[in-house]
Amino acid sequence: MRDVAAPDNSIGSFRTGWASTLARATAATLLFELASGLAITFGPFHAAIEWGLLLHTAIGLIVLAPLVWYFVWHWRDYSGQAMSDVLLLGYVGLAALAVCGLSGLAVTWQGLLATRTTPWLRYLHLISTLLALVASVPHVVIAWFRRRSTEAARPAAGWLAWAVAGCTVGSCATAALTLGYSGIKYRNEFPPEYSFLYGKNRPFAPSLARTSTGGAFDARSLAGSSTCGSSGCHTEIYNEWKPSAHRYAAMDPIFQGIQNVMAKQNGAESTRYCGGCHDPISLFSGTKNIFVEKLTGLDGYNEGISCVACHSIQKTDIQGNANYTITQLGEYLWQWSGPHTAGALARDFLIRTWPAQHNRLSKRMYKKPEYCAACHKQFIDQEVNRVGWVQLQNQYDNWAASHWNKKGEARATVECRECHMPLVESTDPAAGDSTDYNRSPGDHKHRSHRFLAANNFVPGLLHLEGAAKHLELTERWLHGQIEIPEIRSKWAEGPVVRLRLEVPRTATPGQKVPVRVVLVSNKVGHDYPTGPLDMIQSWVELRVEDERGRKIFASGQRDERNFLVPGTFLFKAEPVDQYGNLIDRHNLWEMVGVRYRRSLFPGYSDTVEYNVLCPSGGPRAPERSGKDVREYSVRTMEPGTLRIAATLHYRKIDQFLLNYVMGEAAHLTSPVVDIASATAEVSVDGQR
């Protein structure tokens, strides 16, 4: 505004002065843009603020051209005046508004077409807004003050009224839109017949999982993982997650079968024990309850450990058994809209341009192995087995006590995520990290969400999307062939378990040949094998042949039904119930101890010894197999060579349990992976 009086009918007053319609419309627009912008910056996460952001953007785009036209003519009307404080403030405010408009355009473009907005652009938009405010207010006030006693100052009251009225209209429109739609109304209620078996203060017991409110969460608030991938933002991570164990944790047919048996024997409420880790969506929505036909709800079945279920965990404890606290974060408008819809477009725009709420799904706490311990450590106690406390799988304590954990030395320690979530090349918005010692914000990598481990069976059985590639990578993982460059200097090389044969150089017919198979845990961060050892099998197969390929000795083979032959050396656990009966159906709710357990601790070794009789001809001593006595005759062993081969095999599910859950008629067997192998030769002197 001019700091000197001018006739009311001057060109400047008519075009851009106080009485100008364009000036008043400009004031109304800028005041609403200022108010809504400050609300976005400093206001709470609320549907009204989201609507305000959408109106802020829409109005800014609509009036951008008229605003430019107004300020060009405003400058032309008053640029001929002598430099003064008012003019200088006007120039500063105009420059700040130009930066504000350009940065706003850039942020809008990124919000609509990119995968994220640049933080410094958002800050530039805010700072330029504040600078424009600081310059424009005194510019207007001083201009009015110096002309307050003239007729030319009277239209200023109308100019101010227009500004306030325009801002009020915009605010009322925001309120009306908010009342019309403010997002999904979640039903955070337990079903009316929900059974609080362990008291209302422990609604999810015997699981230790809990919600931040202590009550139920609507299943929809923890599901919707597809929206993370269909938005074009986390597509790479979403595709990694789809065939992962976290995704199929609830749909795993073995889990489903065991859960149904547990419910029949112990009641539906007992399955909550499993739900915290395998099926959190169903657990927290109250599905695992009496009189419920399907203990796993549809959302839980399809998503298992969903994106939100995992990233909403705010607190964990190393006690295990899903000892974590999960919260229900506020949702963006149209949070769960399907792809290629107007709602999805608006939701993605809101997340990208106002990411503060989305960023509450922090990834900082997930760096620590203690986060993994919440589920990767398990026990049962009296509430489950009616007897007392028993430790089950415990990957966390294995790791914590191993040589991989160098307390306080991040550069020497190998953590869970470094192995099971290795860095991969990425264009994902989550790429980059400034908090790791070996990373940078611009490294264009993210941590893989495949969570590669040892399940080479279920993804293929369920025909999950991307299963073929996932199974290929899993086999390479089990062979120790996955390289992780960022930890190469502190991780081991080679197979996950090393296998070595120790045999004598020569043998004499008729004598026993000692064969020692030495197994060393090489690059496993916890016990090998790990997990539920009552259902996992890893065993040694030894085969001795002569130089013509004729069998001399064999151990660790599978019969025609895929069962291991008696006498096989294997890593496994054999739990028992309180009566000493073997638990072989994964009915861990009856377990009170183990009668056999064998596994390899990280960095430790184990040895299997065999005594192989070098044949000398004539009848062999009788061998007993059950009630039958059989005699075997062997040829005379001439000078030659005994060829010895040892292989360490692995399969995720033993054949008995698989037949029990899926039915023997299904003709299913868990794929067998050769973890490591070795060969040796022994020279035979000749017949004794």
# chains A, B, ... in the order shown; residues from 1 in each chain; ligands from 1
$ closest_atom_pairs --of "segment 478-546 of chain A" --to "segment 558-578 of chain A" --cutoff "10 Å" --atoms "only C-alpha atoms" --output "JSON lines"
{"residue": "A:Tyr528", "atom": "CA", "partner": "A:Phe571", "partner_atom": "CA", "distance": 8.1}
{"residue": "A:Pro529", "atom": "CA", "partner": "A:Phe571", "partner_atom": "CA", "distance": 7.1}
{"residue": "A:Thr530", "atom": "CA", "partner": "A:Lys572", "partner_atom": "CA", "distance": 9.3}
{"residue": "A:Pro532", "atom": "CA", "partner": "A:Ala573", "partner_atom": "CA", "distance": 8.3}
{"residue": "A:Leu533", "atom": "CA", "partner": "A:Ala573", "partner_atom": "CA", "distance": 5.0}
{"residue": "A:Asp534", "atom": "CA", "partner": "A:Ala573", "partner_atom": "CA", "distance": 4.9}
{"residue": "A:Met535", "atom": "CA", "partner": "A:Lys572", "partner_atom": "CA", "distance": 7.8}
{"residue": "A:Ile536", "atom": "CA", "partner": "A:Lys572", "partner_atom": "CA", "distance": 6.5}
{"residue": "A:Gln537", "atom": "CA", "partner": "A:Lys572", "partner_atom": "CA", "distance": 5.7}
{"residue": "A:Ser538", "atom": "CA", "partner": "A:Phe571", "partner_atom": "CA", "distance": 5.2}
{"residue": "A:Trp539", "atom": "CA", "partner": "A:Leu570", "partner_atom": "CA", "distance": 3.9}
{"residue": "A:Val540", "atom": "CA", "partner": "A:Phe569", "partner_atom": "CA", "distance": 5.8}
{"residue": "A:Glu541", "atom": "CA", "partner": "A:Thr568", "partner_atom": "CA", "distance": 7.6}
{"residue": "A:Leu542", "atom": "CA", "partner": "A:Thr568", "partner_atom": "CA", "distance": 9.3}
$ residues_around --residues "segment 411-419 of chain A" --least-positions-apart "5" --cutoff "12 Å" --atoms "only C-alpha atoms" --output "VMD selection string"
chain A and resid 363 365 to 373 376 395 to 406 424 436 to 439 446 to 453 477 480 482 to 492 496 523 to 526
$ residues_around --residues "Ser136 of chain A" --least-positions-apart "3" --cutoff "9 Å" --atoms "only C-alpha atoms" --output "ChimeraX atom specification"
/A:89-90,92-94,131-133,139-141
$ closest_residue --among "A:Asp654, A:Leu613, A:Val390, A:Thr227" --to "His340 of chain A" --atoms "only C-alpha atoms"
A:Thr227
$ residues_around --residues "Val684 of chain A" --least-positions-apart "3" --cutoff "12 Å" --atoms "only C-alpha atoms" --output "PyMOL selection string"
chain A and resi 504-513+546-547+613-616+636-643+681+687-688
$ residues_around --residues "Trp334 of chain A" --least-positions-apart "5" --cutoff "7 Å" --atoms "only C-alpha atoms" --output "number ranges by chain"
A: 183, 343-344, 347
$ select_by_dssp --residues "segment 63-149 of chain A" --states "alpha helix (DSSP H)" --output "number ranges by chain"
A: 63-78, 85-113, 119-146
$ residues_around --residues "Tyr91 of chain A" --least-positions-apart "2" --cutoff "12 Å" --atoms "only C-alpha atoms" --output "ChimeraX atom specification"
/A:1,71-72,74-75,78-79,83-89,93-98,131-132,135-136,139
$ closest_residue --among "A:Leu471, A:Val594, A:Ala205, A:Met421" --to "Asn289 of chain A" --atoms "only C-alpha atoms"
A:Ala205
$ residues_around --residues "Gly338 of chain A" --least-positions-apart "2" --cutoff "12 Å" --atoms "only C-alpha atoms" --output "number ranges by chain"
A: 224-231, 334-336, 340-348
$ decode --residues "segment 475-494 of chain A" --atoms "N, CA, C and O atoms" --output "mmCIF file, in the first residue's frame"
data_model
loop_
_atom_site.group_PDB
_atom_site.id
_atom_site.type_symbol
_atom_site.label_atom_id
_atom_site.label_comp_id
_atom_site.auth_asym_id
_atom_site.auth_seq_id
_atom_site.Cartn_x
_atom_site.Cartn_y
_atom_site.Cartn_z
ATOM 1 N N GLU A 475 16.329 -71.206 0.130
ATOM 2 C CA GLU A 475 17.281 -72.303 -0.046
ATOM 3 C C GLU A 475 18.709 -71.782 -0.076
ATOM 4 O O GLU A 475 19.619 -72.367 0.523
ATOM 5 N N ARG A 476 18.919 -70.688 -0.771
ATOM 6 C CA ARG A 476 20.261 -70.097 -0.793
ATOM 7 C C ARG A 476 20.666 -69.655 0.609
ATOM 8 O O ARG A 476 21.837 -69.769 0.989
ATOM 9 N N TRP A 477 19.704 -69.161 1.373
ATOM 10 C CA TRP A 477 19.969 -68.757 2.756
ATOM 11 C C TRP A 477 20.399 -69.961 3.584
ATOM 12 O O TRP A 477 21.377 -69.901 4.345
ATOM 13 N N LEU A 478 19.667 -71.066 3.453
ATOM 14 C CA LEU A 478 19.991 -72.275 4.205
ATOM 15 C C LEU A 478 21.336 -72.864 3.777
ATOM 16 O O LEU A 478 22.009 -73.525 4.566
ATOM 17 N N HIS A 479 21.729 -72.622 2.544
ATOM 18 C CA HIS A 479 23.038 -73.078 2.084
ATOM 19 C C HIS A 479 24.157 -72.116 2.475
ATOM 20 O O HIS A 479 25.332 -72.416 2.218
ATOM 21 N N GLY A 480 23.781 -70.963 3.046
ATOM 22 C CA GLY A 480 24.800 -69.985 3.418
ATOM 23 C C GLY A 480 25.332 -69.203 2.241
ATOM 24 O O GLY A 480 26.435 -68.664 2.294
ATOM 25 N N GLN A 481 24.528 -69.103 1.169
ATOM 26 C CA GLN A 481 24.995 -68.464 -0.056
ATOM 27 C C GLN A 481 24.546 -67.018 -0.198
ATOM 28 O O GLN A 481 24.882 -66.362 -1.182
ATOM 29 N N ILE A 482 23.776 -66.517 0.744
ATOM 30 C CA ILE A 482 23.352 -65.120 0.688
ATOM 31 C C ILE A 482 24.451 -64.259 1.283
ATOM 32 O O ILE A 482 24.804 -64.387 2.457
ATOM 33 N N GLU A 483 25.007 -63.385 0.475
ATOM 34 C CA GLU A 483 26.057 -62.490 0.953
ATOM 35 C C GLU A 483 25.436 -61.200 1.479
ATOM 36 O O GLU A 483 24.480 -60.675 0.914
ATOM 37 N N ILE A 484 26.002 -60.714 2.558
ATOM 38 C CA ILE A 484 25.530 -59.461 3.159
ATOM 39 C C ILE A 484 26.738 -58.540 3.284
ATOM 40 O O ILE A 484 27.482 -58.583 4.274
ATOM 41 N N PRO A 485 26.981 -57.716 2.284
ATOM 42 C CA PRO A 485 28.216 -56.923 2.242
ATOM 43 C C PRO A 485 28.455 -56.049 3.460
ATOM 44 O O PRO A 485 29.591 -55.904 3.912
ATOM 45 N N GLU A 486 27.367 -55.471 4.015
ATOM 46 C CA GLU A 486 27.563 -54.508 5.098
ATOM 47 C C GLU A 486 28.087 -55.137 6.381
ATOM 48 O O GLU A 486 28.577 -54.435 7.268
ATOM 49 N N ILE A 487 27.979 -56.481 6.515
ATOM 50 C CA ILE A 487 28.504 -57.127 7.720
ATOM 51 C C ILE A 487 29.560 -58.176 7.375
ATOM 52 O O ILE A 487 29.873 -59.033 8.192
ATOM 53 N N ARG A 488 30.087 -58.098 6.145
ATOM 54 C CA ARG A 488 31.059 -59.101 5.708
ATOM 55 C C ARG A 488 32.266 -59.170 6.641
ATOM 56 O O ARG A 488 32.813 -60.234 6.896
ATOM 57 N N SER A 489 32.668 -58.030 7.174
ATOM 58 C CA SER A 489 33.877 -57.991 8.002
ATOM 59 C C SER A 489 33.691 -58.655 9.366
ATOM 60 O O SER A 489 34.676 -58.981 10.031
ATOM 61 N N LYS A 490 32.439 -58.849 9.798
ATOM 62 C CA LYS A 490 32.236 -59.414 11.140
ATOM 63 C C LYS A 490 31.393 -60.689 11.128
ATOM 64 O O LYS A 490 31.177 -61.288 12.178
ATOM 65 N N TRP A 491 30.920 -61.084 9.961
ATOM 66 C CA TRP A 491 30.133 -62.305 9.840
ATOM 67 C C TRP A 491 31.003 -63.393 9.253
ATOM 68 O O TRP A 491 32.030 -63.123 8.618
ATOM 69 N N ALA A 492 30.596 -64.623 9.427
ATOM 70 C CA ALA A 492 31.366 -65.741 8.891
ATOM 71 C C ALA A 492 31.043 -65.948 7.417
ATOM 72 O O ALA A 492 30.074 -65.407 6.885
ATOM 73 N N GLU A 493 31.863 -66.751 6.756
ATOM 74 C CA GLU A 493 31.623 -67.127 5.379
ATOM 75 C C GLU A 493 31.359 -68.623 5.305
ATOM 76 O O GLU A 493 31.680 -69.372 6.217
ATOM 77 N N GLY A 494 30.776 -69.043 4.188
ATOM 78 C CA GLY A 494 30.543 -70.467 4.005
ATOM 79 C C GLY A 494 29.173 -70.902 4.456
ATOM 80 O O GLY A 494 28.264 -70.092 4.642
#
